[in-house]
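target.tsv follows (TSV, C-alpha atoms):
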chain	number	residue	atom	x	y	z
A	1	MET	CA	6.07	-55.31	49.25
A	2	ILE	CA	2.64	-53.83	50.01
A	3	LYS	CA	1.40	-54.36	53.57
A	4	VAL	CA	-2.33	-54.39	54.17
A	5	GLY	CA	-4.60	-53.99	57.20
A	6	ILE	CA	-8.16	-55.33	57.00
A	7	ILE	CA	-10.86	-53.70	59.13
A	8	GLY	CA	-13.75	-56.16	59.21
A	9	VAL	CA	-12.54	-59.76	58.79
A	10	GLY	CA	-15.99	-61.22	58.15
A	11	THR	CA	-17.18	-63.10	55.07
A	12	VAL	CA	-15.43	-60.84	52.55
A	13	GLY	CA	-12.45	-59.88	54.72
A	14	SER	CA	-11.68	-63.51	55.48
A	15	SER	CA	-11.81	-64.37	51.78
A	16	VAL	CA	-9.43	-61.49	51.01
A	17	ALA	CA	-6.90	-62.81	53.53
A	18	VAL	CA	-7.21	-66.41	52.35
A	19	ILE	CA	-7.01	-65.64	48.60
A	20	LEU	CA	-4.01	-63.32	49.07
A	21	GLU	CA	-2.21	-66.23	50.74
A	22	GLN	CA	-3.41	-69.02	48.46
A	23	ASN	CA	-2.78	-67.09	45.21
A	24	ARG	CA	0.28	-65.23	46.45
A	25	GLU	CA	2.50	-65.99	43.47
A	26	VAL	CA	0.08	-65.10	40.68
A	27	ILE	CA	-1.01	-61.92	42.53
A	28	ALA	CA	2.63	-60.86	43.02
A	29	ALA	CA	3.35	-61.51	39.34
A	30	ARG	CA	0.43	-59.30	38.29
A	31	ALA	CA	1.05	-56.58	40.86
A	32	GLY	CA	4.81	-56.45	40.40
A	33	LYS	CA	5.31	-56.87	44.13
A	34	GLU	CA	4.09	-59.03	46.99
A	35	ILE	CA	0.87	-58.06	48.78
A	36	VAL	CA	0.74	-59.23	52.40
A	37	VAL	CA	-1.92	-58.79	55.08
A	38	LYS	CA	-0.14	-57.66	58.23
A	39	ARG	CA	-3.15	-57.43	60.55
A	40	GLY	CA	-6.92	-57.63	60.78
A	41	VAL	CA	-9.42	-55.97	63.12
A	42	VAL	CA	-12.82	-57.38	64.15
A	43	LYS	CA	-15.55	-56.59	66.66
A	44	ASP	CA	-15.68	-60.12	68.07
A	45	LEU	CA	-12.57	-62.30	68.17
A	46	SER	CA	-14.64	-65.44	68.80
A	47	ARG	CA	-16.18	-65.28	65.31
A	48	THR	CA	-12.89	-65.33	63.37
A	49	ARG	CA	-12.62	-68.03	60.69
A	50	SER	CA	-10.12	-70.76	61.50
A	51	ASP	CA	-8.46	-70.62	58.08
A	52	VAL	CA	-7.52	-66.94	58.47
A	53	LYS	CA	-3.85	-66.99	59.50
A	54	ILE	CA	-3.16	-63.34	60.34
A	55	PRO	CA	-2.84	-61.42	63.63
A	56	ILE	CA	-6.27	-60.09	64.64
A	57	SER	CA	-7.31	-57.60	67.31
A	58	THR	CA	-10.34	-55.49	68.18
A	59	ASN	CA	-8.55	-52.11	68.07
A	60	ILE	CA	-8.76	-50.14	64.80
A	61	ASP	CA	-5.82	-47.99	65.87
A	62	ASP	CA	-3.62	-51.08	65.60
A	63	ILE	CA	-3.98	-50.59	61.84
A	64	LEU	CA	-4.35	-46.81	61.56
A	65	ASP	CA	-1.28	-46.11	63.73
A	66	ASP	CA	0.98	-48.75	62.17
A	67	PRO	CA	3.48	-46.93	59.90
A	68	GLU	CA	4.26	-50.16	58.02
A	69	ILE	CA	0.70	-50.62	56.75
A	70	ASP	CA	0.35	-49.10	53.28
A	71	VAL	CA	-3.30	-49.90	52.51
A	72	VAL	CA	-6.38	-50.04	54.76
A	73	VAL	CA	-9.13	-52.36	53.51
A	74	GLU	CA	-12.43	-51.18	55.04
A	75	LEU	CA	-15.15	-53.86	55.11
A	76	MET	CA	-17.23	-52.82	58.13
A	77	GLY	CA	-20.50	-51.56	56.71
A	78	GLY	CA	-22.34	-48.45	57.88
A	79	VAL	CA	-21.86	-44.84	56.80
A	80	GLU	CA	-20.43	-42.26	59.18
A	81	PHE	CA	-18.04	-44.34	61.30
A	82	PRO	CA	-16.44	-46.05	58.28
A	83	PHE	CA	-16.09	-42.61	56.66
A	84	GLU	CA	-14.21	-41.32	59.69
A	85	VAL	CA	-11.95	-44.38	59.63
A	86	ALA	CA	-11.24	-43.97	55.91
A	87	LYS	CA	-10.61	-40.26	56.43
A	88	LYS	CA	-8.08	-40.96	59.19
A	89	ALA	CA	-6.32	-43.55	57.04
A	90	LEU	CA	-5.99	-41.12	54.15
A	91	GLU	CA	-4.77	-38.35	56.44
A	92	ARG	CA	-2.01	-40.73	57.57
A	93	GLY	CA	-0.99	-41.28	53.96
A	94	LYS	CA	-2.47	-44.76	53.65
A	95	SER	CA	-4.40	-45.89	50.60
A	96	VAL	CA	-7.96	-47.13	51.17
A	97	VAL	CA	-9.89	-49.98	49.55
A	98	THR	CA	-13.56	-50.30	50.43
A	99	ALA	CA	-16.61	-52.33	49.48
A	100	ASN	CA	-18.91	-49.95	51.35
A	101	LYS	CA	-21.51	-48.68	48.88
A	102	ALA	CA	-23.57	-46.92	51.56
A	103	MET	CA	-20.60	-44.82	52.69
A	104	LEU	CA	-19.70	-43.99	49.09
A	105	ALA	CA	-23.29	-43.04	48.26
A	106	TYR	CA	-22.94	-40.20	50.76
A	107	HIS	CA	-19.20	-39.47	50.94
A	108	ARG	CA	-17.53	-40.41	47.63
A	109	TYR	CA	-16.69	-36.81	46.74
A	110	ASP	CA	-15.56	-36.05	50.30
A	111	LEU	CA	-13.12	-38.97	50.14
A	112	GLN	CA	-11.80	-37.95	46.75
A	113	ALA	CA	-11.10	-34.43	48.04
A	114	ILE	CA	-9.32	-35.74	51.14
A	115	ALA	CA	-7.30	-38.32	49.20
A	116	GLY	CA	-5.71	-36.01	46.67
A	117	GLU	CA	-3.06	-38.21	45.00
A	118	ILE	CA	-3.54	-41.13	47.43
A	119	PRO	CA	-5.30	-44.04	45.66
A	120	ILE	CA	-8.76	-45.21	46.74
A	121	GLY	CA	-10.15	-48.50	45.42
A	122	PHE	CA	-13.87	-49.31	45.48
A	123	GLU	CA	-14.42	-51.92	42.76
A	124	ALA	CA	-16.13	-54.23	45.28
A	125	SER	CA	-18.79	-51.64	46.14
A	126	VAL	CA	-20.88	-52.34	43.02
A	127	ALA	CA	-21.89	-55.75	41.65
A	128	GLY	CA	-19.45	-57.87	43.63
A	129	GLY	CA	-17.04	-59.66	41.31
A	130	ILE	CA	-18.04	-57.80	38.12
A	131	PRO	CA	-15.29	-55.26	37.24
A	132	ILE	CA	-17.82	-52.57	36.32
A	133	ILE	CA	-15.96	-49.71	38.03
A	134	LYS	CA	-12.80	-50.27	35.99
A	135	ALA	CA	-14.81	-50.86	32.81
A	136	LEU	CA	-16.72	-47.60	33.23
A	137	ARG	CA	-13.82	-45.49	34.50
A	138	ASP	CA	-11.07	-46.82	32.22
A	139	GLY	CA	-12.28	-49.17	29.49
A	140	LEU	CA	-15.06	-46.81	28.36
A	141	GLY	CA	-13.11	-43.62	29.07
A	142	ALA	CA	-13.36	-42.45	25.44
A	143	ASN	CA	-17.17	-42.39	25.53
A	144	HIS	CA	-19.94	-40.07	26.53
A	145	ILE	CA	-22.13	-42.46	28.52
A	146	ARG	CA	-25.68	-42.34	27.24
A	147	SER	CA	-27.22	-44.72	29.76
A	148	ILE	CA	-26.61	-47.33	32.43
A	149	ARG	CA	-29.20	-49.98	33.28
A	150	GLY	CA	-28.30	-52.46	35.95
A	151	ILE	CA	-29.65	-55.48	37.80
A	152	MET	CA	-27.55	-54.79	40.88
A	153	ASN	CA	-29.31	-56.58	43.72
A	154	GLY	CA	-29.18	-60.36	43.74
A	155	THR	CA	-31.90	-60.69	46.40
A	156	CYS	CA	-34.48	-58.90	44.26
A	157	ASN	CA	-33.42	-60.73	41.13
A	158	PHE	CA	-33.69	-64.09	42.90
A	159	ILE	CA	-37.21	-63.27	44.13
A	160	LEU	CA	-38.48	-62.03	40.75
A	161	THR	CA	-36.91	-64.97	38.89
A	162	LYS	CA	-38.61	-67.46	41.24
A	163	MET	CA	-41.94	-65.68	40.89
A	164	VAL	CA	-41.69	-65.90	37.09
A	165	LYS	CA	-40.42	-69.48	36.78
A	166	GLU	CA	-42.35	-71.14	39.60
A	167	GLY	CA	-45.49	-69.01	39.84
A	168	ALA	CA	-44.80	-68.41	43.54
A	169	ALA	CA	-46.07	-65.49	45.60
A	170	TYR	CA	-43.70	-62.71	46.69
A	171	GLU	CA	-44.00	-63.52	50.41
A	172	ALA	CA	-43.18	-67.21	49.91
A	173	VAL	CA	-40.10	-66.51	47.79
A	174	LEU	CA	-38.88	-63.87	50.23
A	175	LYS	CA	-39.01	-66.44	53.05
A	176	GLU	CA	-37.04	-68.87	50.89
A	177	ALA	CA	-34.45	-66.17	50.15
A	178	GLN	CA	-34.08	-65.53	53.88
A	179	THR	CA	-33.66	-69.26	54.56
A	180	LEU	CA	-30.96	-69.52	51.89
A	181	GLY	CA	-29.14	-66.46	53.25
A	182	TYR	CA	-29.85	-64.26	50.21
A	183	ALA	CA	-32.08	-61.90	52.21
A	184	GLU	CA	-31.65	-60.41	55.68
A	185	ALA	CA	-34.14	-60.87	58.51
A	186	ASP	CA	-35.17	-57.27	57.73
A	187	PRO	CA	-34.94	-57.27	53.92
A	188	THR	CA	-36.07	-53.67	53.38
A	189	PHE	CA	-32.66	-52.35	52.29
A	190	ASP	CA	-32.61	-54.88	49.44
A	191	VAL	CA	-36.24	-55.32	48.39
A	192	GLY	CA	-36.96	-51.62	48.90
A	193	GLY	CA	-34.40	-50.67	46.23
A	194	PHE	CA	-32.03	-48.76	48.53
A	195	ASP	CA	-29.03	-51.05	48.04
A	196	ALA	CA	-29.32	-50.72	44.25
A	197	ALA	CA	-29.70	-46.93	44.57
A	198	HIS	CA	-26.40	-46.63	46.45
A	199	LYS	CA	-24.66	-48.60	43.71
A	200	LEU	CA	-26.32	-46.53	40.98
A	201	LEU	CA	-25.05	-43.31	42.54
A	202	ILE	CA	-21.48	-44.61	42.47
A	203	LEU	CA	-21.73	-45.53	38.79
A	204	ALA	CA	-23.41	-42.22	37.92
A	205	SER	CA	-20.56	-40.31	39.55
A	206	ILE	CA	-18.04	-42.09	37.34
A	207	ALA	CA	-20.16	-41.77	34.18
A	208	TYR	CA	-21.33	-38.18	34.59
A	209	GLY	CA	-19.52	-36.58	37.51
A	210	ILE	CA	-22.92	-35.89	39.08
A	211	ASP	CA	-23.04	-35.41	42.85
A	212	ALA	CA	-26.41	-36.62	44.12
A	213	LYS	CA	-27.50	-38.21	47.38
A	214	PRO	CA	-29.80	-41.23	47.84
A	215	GLU	CA	-32.65	-38.95	48.93
A	216	GLU	CA	-32.64	-37.34	45.47
A	217	VAL	CA	-33.07	-40.61	43.57
A	218	LEU	CA	-36.46	-42.01	42.58
A	219	ILE	CA	-36.55	-45.31	44.50
A	220	GLU	CA	-39.25	-47.97	44.53
A	221	GLY	CA	-38.97	-51.60	45.63
A	222	ILE	CA	-40.51	-54.89	44.57
A	223	GLN	CA	-42.82	-55.44	47.55
A	224	LYS	CA	-46.04	-54.81	45.56
A	225	ILE	CA	-45.21	-57.15	42.68
A	226	SER	CA	-47.71	-60.01	42.30
A	227	GLN	CA	-48.48	-62.80	39.85
A	228	ASP	CA	-50.70	-60.32	37.98
A	229	GLU	CA	-47.59	-58.42	36.90
A	230	ILE	CA	-45.92	-61.71	35.94
A	231	ALA	CA	-48.95	-62.63	33.79
A	232	PHE	CA	-48.83	-59.25	32.05
A	233	ALA	CA	-45.12	-59.68	31.33
A	234	LYS	CA	-45.65	-63.13	29.79
A	235	GLU	CA	-48.62	-61.95	27.73
A	236	PHE	CA	-46.80	-59.01	26.14
A	237	GLY	CA	-43.25	-60.33	25.84
A	238	TYR	CA	-41.61	-58.62	28.80
A	239	SER	CA	-39.26	-59.62	31.60
A	240	LEU	CA	-39.68	-58.00	35.02
A	241	LYS	CA	-36.54	-56.78	36.79
A	242	LEU	CA	-35.54	-54.32	39.49
A	243	LEU	CA	-33.41	-51.88	37.50
A	244	GLY	CA	-31.06	-49.08	38.49
A	245	ILE	CA	-31.18	-46.58	35.62
A	246	ALA	CA	-28.97	-43.59	34.86
A	247	LYS	CA	-29.77	-41.78	31.64
A	248	LYS	CA	-28.43	-38.54	30.16
A	249	GLU	CA	-30.72	-36.42	28.02
A	250	GLY	CA	-29.47	-32.99	27.02
A	251	GLU	CA	-28.14	-31.25	30.12
A	252	GLU	CA	-30.01	-33.48	32.56
A	253	VAL	CA	-29.26	-36.85	34.14
A	254	GLU	CA	-32.10	-38.94	35.49
A	255	LEU	CA	-31.44	-41.44	38.28
A	256	ARG	CA	-34.03	-44.01	39.28
A	257	VAL	CA	-34.39	-47.47	40.82
A	258	HIS	CA	-37.65	-49.39	40.42
A	259	PRO	CA	-39.21	-52.57	39.03
A	260	ALA	CA	-39.46	-52.33	35.25
A	261	PHE	CA	-40.82	-54.33	32.35
A	262	ILE	CA	-38.16	-54.77	29.67
A	263	SER	CA	-38.34	-56.62	26.38
A	264	SER	CA	-37.56	-60.30	26.81
A	265	GLU	CA	-35.31	-59.97	23.73
A	266	GLU	CA	-32.83	-57.68	25.50
A	267	MET	CA	-29.58	-59.14	26.85
A	268	ILE	CA	-30.18	-57.83	30.35
A	269	SER	CA	-33.53	-59.63	30.55
A	270	LYS	CA	-31.64	-62.95	30.56
A	271	VAL	CA	-29.94	-62.23	33.90
A	272	ASP	CA	-31.67	-64.53	36.40
A	273	GLY	CA	-31.33	-65.78	39.95
A	274	VAL	CA	-28.85	-64.07	42.26
A	275	MET	CA	-26.67	-62.92	39.38
A	276	ASN	CA	-26.08	-59.28	38.47
A	277	GLY	CA	-25.95	-57.70	35.02
A	278	ILE	CA	-25.21	-54.15	33.87
A	279	SER	CA	-25.76	-52.66	30.42
A	280	VAL	CA	-23.79	-49.52	29.51
A	281	ILE	CA	-24.34	-47.58	26.29
A	282	GLY	CA	-21.56	-45.27	25.11
A	283	ASP	CA	-21.72	-42.93	22.13
A	284	ALA	CA	-18.67	-44.55	20.50
A	285	VAL	CA	-18.84	-48.19	21.60
A	286	GLY	CA	-22.60	-48.73	21.63
A	287	GLU	CA	-23.97	-51.21	24.17
A	288	THR	CA	-21.67	-53.27	26.38
A	289	MET	CA	-22.92	-55.86	28.87
A	290	TYR	CA	-21.34	-57.03	32.14
A	291	TYR	CA	-22.52	-60.16	33.93
A	292	GLY	CA	-21.45	-62.09	37.00
A	293	ALA	CA	-21.80	-62.77	40.71
A	294	GLY	CA	-22.96	-59.65	42.51
A	295	ALA	CA	-22.17	-60.81	46.04
A	296	GLY	CA	-20.49	-63.55	48.05
A	297	GLY	CA	-17.21	-63.68	49.92
A	298	ASP	CA	-14.89	-64.90	47.17
A	299	ALA	CA	-16.44	-62.86	44.34
A	300	THR	CA	-16.32	-59.62	46.33
A	301	ALA	CA	-12.84	-60.43	47.63
A	302	SER	CA	-11.71	-60.81	44.01
A	303	ALA	CA	-12.75	-57.20	43.40
A	304	VAL	CA	-11.02	-56.00	46.59
A	305	ILE	CA	-7.77	-57.70	45.56
A	306	SER	CA	-8.00	-56.23	42.05
A	307	ASP	CA	-7.86	-52.79	43.70
A	308	LEU	CA	-4.86	-53.85	45.78
A	309	ILE	CA	-3.08	-54.97	42.61
A	310	GLU	CA	-3.87	-51.67	40.91
A	311	ILE	CA	-2.56	-49.70	43.90
A	312	ALA	CA	0.63	-51.77	43.85
A	313	ARG	CA	1.13	-50.94	40.16
A	314	VAL	CA	0.19	-47.26	39.96
A	315	LYS	CA	-0.27	-44.35	42.33
A	316	GLY	CA	-1.95	-40.99	41.81
A	317	ALA	CA	-5.04	-41.84	39.74
A	318	PRO	CA	-8.14	-39.85	40.84
A	319	MET	CA	-10.72	-41.95	42.66
A	320	LEU	CA	-13.66	-41.32	40.32
A	321	GLY	CA	-11.52	-41.19	37.18
A	322	PHE	CA	-11.42	-37.43	36.63
A	323	LYS	CA	-9.83	-34.39	38.26
A	324	ARG	CA	-12.13	-31.77	36.79
A	325	PRO	CA	-15.80	-31.84	35.77
A	326	MET	CA	-16.19	-33.86	32.57
A	327	GLU	CA	-19.21	-31.96	31.28
A	328	SER	CA	-20.26	-28.50	32.42
A	329	GLY	CA	-23.86	-27.62	33.21
A	330	LEU	CA	-25.15	-31.11	33.94
A	331	ARG	CA	-27.93	-31.28	36.51
A	332	LEU	CA	-30.12	-33.95	38.02
A	333	LYS	CA	-33.47	-34.20	36.26
A	334	PRO	CA	-36.42	-33.58	38.61
A	335	GLN	CA	-38.20	-36.84	39.32
A	336	GLU	CA	-41.59	-35.54	38.19
A	337	GLU	CA	-40.18	-34.75	34.71
A	338	ILE	CA	-38.89	-38.27	34.04
A	339	ARG	CA	-40.80	-39.83	31.14
A	340	SER	CA	-41.61	-43.48	30.58
A	341	ARG	CA	-44.31	-45.91	29.57
A	342	TYR	CA	-46.25	-47.36	32.48
A	343	TYR	CA	-48.14	-50.48	33.52
A	344	LEU	CA	-51.13	-50.20	35.86
A	345	ARG	CA	-52.96	-52.93	37.73
A	346	LEU	CA	-56.49	-51.88	38.70
A	347	GLU	CA	-59.08	-53.87	40.61
A	348	VAL	CA	-62.48	-52.53	39.60
A	349	LYS	CA	-66.18	-53.24	39.93
A	350	ASP	CA	-67.66	-55.40	37.17
A	351	GLN	CA	-70.24	-53.00	35.76
A	352	PRO	CA	-70.87	-51.07	32.53
A	353	GLY	CA	-68.93	-47.86	31.89
A	354	VAL	CA	-65.95	-48.62	34.13
A	355	LEU	CA	-63.38	-48.69	31.35
A	356	ALA	CA	-64.78	-45.46	29.88
A	357	LYS	CA	-64.38	-43.70	33.25
A	358	ILE	CA	-60.79	-44.90	33.58
A	359	ALA	CA	-59.90	-43.92	30.02
A	360	SER	CA	-61.46	-40.50	30.54
A	361	LEU	CA	-59.54	-39.88	33.76
A	362	LEU	CA	-56.26	-40.93	32.12
A	363	GLY	CA	-57.06	-38.71	29.16
A	364	GLU	CA	-57.36	-35.71	31.49
A	365	GLN	CA	-53.64	-36.19	32.21
A	366	SER	CA	-52.84	-36.65	28.49
A	367	ILE	CA	-52.29	-40.39	29.05
A	368	SER	CA	-53.46	-42.90	26.45
A	369	ILE	CA	-53.81	-46.68	26.85
A	370	SER	CA	-51.54	-48.88	24.72
A	371	THR	CA	-52.52	-52.44	25.73
A	372	LEU	CA	-55.16	-53.95	28.02
A	373	LEU	CA	-55.58	-57.37	29.64
A	374	GLN	CA	-58.68	-58.14	31.73
A	375	LYS	CA	-58.93	-60.89	34.36
A	376	ASN	CA	-62.37	-61.36	35.92
A	377	PHE	CA	-63.05	-62.48	39.48
A	378	GLU	CA	-66.26	-62.73	41.49
A	379	GLY	CA	-67.74	-59.26	41.80
A	380	GLY	CA	-65.04	-57.47	39.87
A	381	ALA	CA	-62.19	-57.48	37.39
A	382	LYS	CA	-58.48	-56.83	37.26
A	383	LEU	CA	-57.42	-54.50	34.47
A	384	LEU	CA	-53.75	-54.87	33.51
A	385	LEU	CA	-52.95	-52.03	31.15
A	386	SER	CA	-49.98	-50.23	29.67
A	387	THR	CA	-49.78	-46.60	28.61
A	388	HIS	CA	-47.99	-44.64	25.96
A	389	THR	CA	-45.15	-42.39	27.14
A	390	CYS	CA	-45.98	-39.78	29.75
A	391	SER	CA	-44.31	-38.08	32.72
A	392	GLU	CA	-44.04	-39.10	36.37
A	393	ARG	CA	-46.10	-36.03	37.24
A	394	GLU	CA	-48.92	-37.09	34.91
A	395	ILE	CA	-49.02	-40.74	35.97
A	396	LYS	CA	-48.98	-39.90	39.68
A	397	ARG	CA	-51.83	-37.42	39.26
A	398	ALA	CA	-53.72	-40.06	37.33
A	399	ILE	CA	-53.17	-42.64	40.08
A	400	GLU	CA	-54.48	-40.18	42.67
A	401	GLY	CA	-57.59	-39.71	40.52
A	402	LEU	CA	-58.04	-43.45	40.03
A	403	GLU	CA	-57.84	-44.07	43.78
A	404	ALA	CA	-60.72	-41.63	44.25
A	405	LEU	CA	-63.02	-43.37	41.75
A	406	GLU	CA	-65.75	-45.38	43.51
A	407	VAL	CA	-65.49	-48.10	40.86
A	408	VAL	CA	-61.82	-48.76	41.78
A	409	LEU	CA	-61.69	-51.29	44.63
A	410	SER	CA	-58.06	-51.00	45.80
A	411	ALA	CA	-54.95	-48.87	45.38
A	412	PRO	CA	-53.56	-49.14	41.82
A	413	VAL	CA	-50.18	-50.82	41.34
A	414	MET	CA	-47.78	-49.11	38.89
A	415	VAL	CA	-44.64	-50.50	37.21
A	416	ARG	CA	-42.54	-48.62	34.64
A	417	ILE	CA	-41.86	-50.05	31.18
A	418	GLU	CA	-38.27	-49.43	30.17
A	419	GLY	CA	-36.82	-49.32	26.66
Transcribe the structure of this file into structure tokens.
Amino acid sequence: MIKVGIIGVGTVGSSVAVILEQNREVIAARAGKEIVVKRGVVKDLSRTRSDVKIPISTNIDDILDDPEIDVVVELMGGVEFPFEVAKKALERGKSVVTANKAMLAYHRYDLQAIAGEIPIGFEASVAGGIPIIKALRDGLGANHIRSIRGIMNGTCNFILTKMVKEGAAYEAVLKEAQTLGYAEADPTFDVGGFDAAHKLLILASIAYGIDAKPEEVLIEGIQKISQDEIAFAKEFGYSLKLLGIAKKEGEEVELRVHPAFISSEEMISKVDGVMNGISVIGDAVGETMYYGAGAGGDATASAVISDLIEIARVKGAPMLGFKRPMESGLRLKPQEEIRSRYYLRLEVKDQPGVLAKIASLLGEQSISISTLLQKNFEGGAKLLLSTHTCSEREIKRAIEGLEALEVVLSAPVMVRIEG
């Protein structure tokens, strides 16, 4: 028998406790032994769900100091305090299962070093119920991973899908997402791209063994997206998604999270609403695609319990899937050297010579225009254009120059074109 303590019996923790009880027989058959929750810990006893039938207290030490508890399931949220709790659990010889992507974004290598041969499960930290961690770490273990592209934030995907299908403005859809519970009162962590960046870092560690922090990742959110970008996408056969991208080229790995236009023919472009989807390309297997619910109590609990089953079966596997660096000499590509195609939205004065000035300024940065769509309004025009491939350094210099032109009426909006 495996005895479990759950720290944080909220939406996910409650579902873990309930599913372990309801599906006890099938879980025991798959794990080879029974998995039982001995105790839970919460901040506020008054908010405990009535269908959770386990002893609950407010003292974390009730779990950490209990010699009978084999696995600590950490579902608190936050960074430093959960790390200290996980560290203490490992130092007491207890396995740890966590859904905490923020903690792992900063401390995944620290935890692996502390754990040694003690198992750590973190399937629930990325894309909810999609088993992407196990797929990347085990199922694709024979491959050099060429790239990962993921829709890993359901809030952003819901907003962009609504904007495309209903023609709604960003602000209106965000309010709807908050009403439905898909977005927080302060949605910045989601719509700003930070949640997806934490998840991307976890996947990149498994794929490449690269140790980077969130501050080193190129991160942009969806707050500036308007119906102009939606019109451009429809005109030129694109879908618009917030993507987390990890890509290996030579000895460098680029990590970035941002809105991107992708061909509407690609599999990942079909992922709509609050769903998540992740495309992984390996050198042997080619492209594989993973789709499913990226959040929610039951879906995330499913991933937590899959880790508990794995811990019950096997002990001693390294957390990130490797004990030594997989590839020597890999480094994080500087953000300014990342290359892509780009979309620009410019509001300009309606007068002769404007396009020539813009083309000339772009040309100074070795940037050429690929496509152009013009939408006139009283006193001016919106230019929706795409470029051929150039670097982040070149496009950002060009944007600075465009902002300084007297014919440009407002700050340019830029979106990357992926693939």
Neighbouring residues of Asp110 in chain A were defined as those with any atom within 12 Å, considering all atoms listed in the file; residues of the same chain fewer than 2 positions away were excluded. Please report them as a list in words. Glu80, Phe83, Glu84, Ala86, Lys87, Leu90, Met103, Leu104, Ala105, Tyr106, His107, Arg108, Gln112, Ala113, Ile114, Ala115, Gly116, Ile120, Asp211, Met319 and Leu320 of chain A
One-decimal distance in Å that lies between CA of Lys199 in chain A and CA of Lys234 in chain A: 29.1 Å
Interatomic distance (Å, one decimal) between CA of Gln178 in chain A and CA of Gly296 in chain A: 14.9 Å
Just the number, please: distance in Å from CA of Ala233 in chain A to CA of Arg149 in chain A, one decimal.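 Computed distance, CA of Ala233 in chain A to CA of Arg149 in chain A, equals 18.7 Å.
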Neighbours of range 402-419 of chain A within 8 Å (only C-alpha atoms; same-chain residues fewer than 4 positions away dropped), as a PyMOL selection string? chain A and resi 224+258-263+340-349+354+358+361+398
Nearest residue to Arg313 in chain A out of A:Ala28, A:Ile338, A:Val9, A:Lys3, using only C-alpha atoms? A:Ala28
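The shell of residues at most 10 Å from Ala183 in chain A, with all atoms listed in the file counted and near chain neighbours (fewer than 3 positions) removed, consists of Gly154, Thr155, Cys156, Phe158, Ile159, Leu174, Lys175, Glu176, Ala177, Gln178, Thr179, Leu180, Asp186, Pro187, Thr188, Phe189, Asp190 and Val191 of chain A.
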Counting only C-alpha atoms, which of A:Glu215, A:Glu74, A:Glu235, A:Glu392 gets nearest to Phe122 in chain A?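 When distances to Phe122 in chain A are compared using only C-alpha atoms, the smallest one comes from A:Glu74.
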I want to know what sits within 8 Å of Pro55 in chain A, based on only C-alpha atoms, with residues of the same chain fewer than 5 positions away left out; could you give that as a PyMOL selection string? chain A and resi 38-40
Excluding Asn153 in chain A and residues on its chain fewer than 6 positions from it, collect all residues at most 9 Å away from it, counting all atoms listed in the file, and give them as a VMD selection string. chain A and resid 127 190 to 191 193 195 to 196 242 to 243 274 to 276 294 to 295
So that I have them on file, write out the residues from the current selection with C-alpha atoms, as a PDB file, in the coordinates of the input.
ATOM      1  CA  ALA A 127     -21.890 -55.750  41.650  1.00  0.00           C
ATOM      2  CA  ASP A 190     -32.610 -54.880  49.440  1.00  0.00           C
ATOM      3  CA  VAL A 191     -36.240 -55.320  48.390  1.00  0.00           C
ATOM      4  CA  GLY A 193     -34.400 -50.670  46.230  1.00  0.00           C
ATOM      5  CA  ASP A 195     -29.030 -51.050  48.040  1.00  0.00           C
ATOM      6  CA  ALA A 196     -29.320 -50.720  44.250  1.00  0.00           C
ATOM      7  CA  LEU A 242     -35.540 -54.320  39.490  1.00  0.00           C
ATOM      8  CA  LEU A 243     -33.410 -51.880  37.500  1.00  0.00           C
ATOM      9  CA  VAL A 274     -28.850 -64.070  42.260  1.00  0.00           C
ATOM     10  CA  MET A 275     -26.670 -62.920  39.380  1.00  0.00           C
ATOM     11  CA  ASN A 276     -26.080 -59.280  38.470  1.00  0.00           C
ATOM     12  CA  GLY A 294     -22.960 -59.650  42.510  1.00  0.00           C
ATOM     13  CA  ALA A 295     -22.170 -60.810  46.040  1.00  0.00           C
TER      14      ALA A 295
END
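Between Lys248 in chain A and the candidates A:Lys270, A:Arg339, A:His388, A:Arg146, the tightest atom-to-atom separation, counting all atoms listed in the file, involves A:Arg146.
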Between A:Ser50, A:Asn100, A:Gln22, A:Asn143, which has the minimum distance to Gly282 in chain A (counting all atoms listed in the file)?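 Comparing A:Ser50, A:Asn100, A:Gln22, A:Asn143 against Gly282 in chain A, the winner is A:Asn143.
You can rank A:Leu111, A:Ile27, A:Leu384, A:Ile6 by their closest distance to Ile63 in chain A using all atoms listed in the file, and at the top of that list sits A:Ile6.
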Residue among A:Gly121, A:Gly363, A:Pro214, A:Gly192 lying closest to Lys134 in chain A, counting all atoms listed in the file: A:Gly121
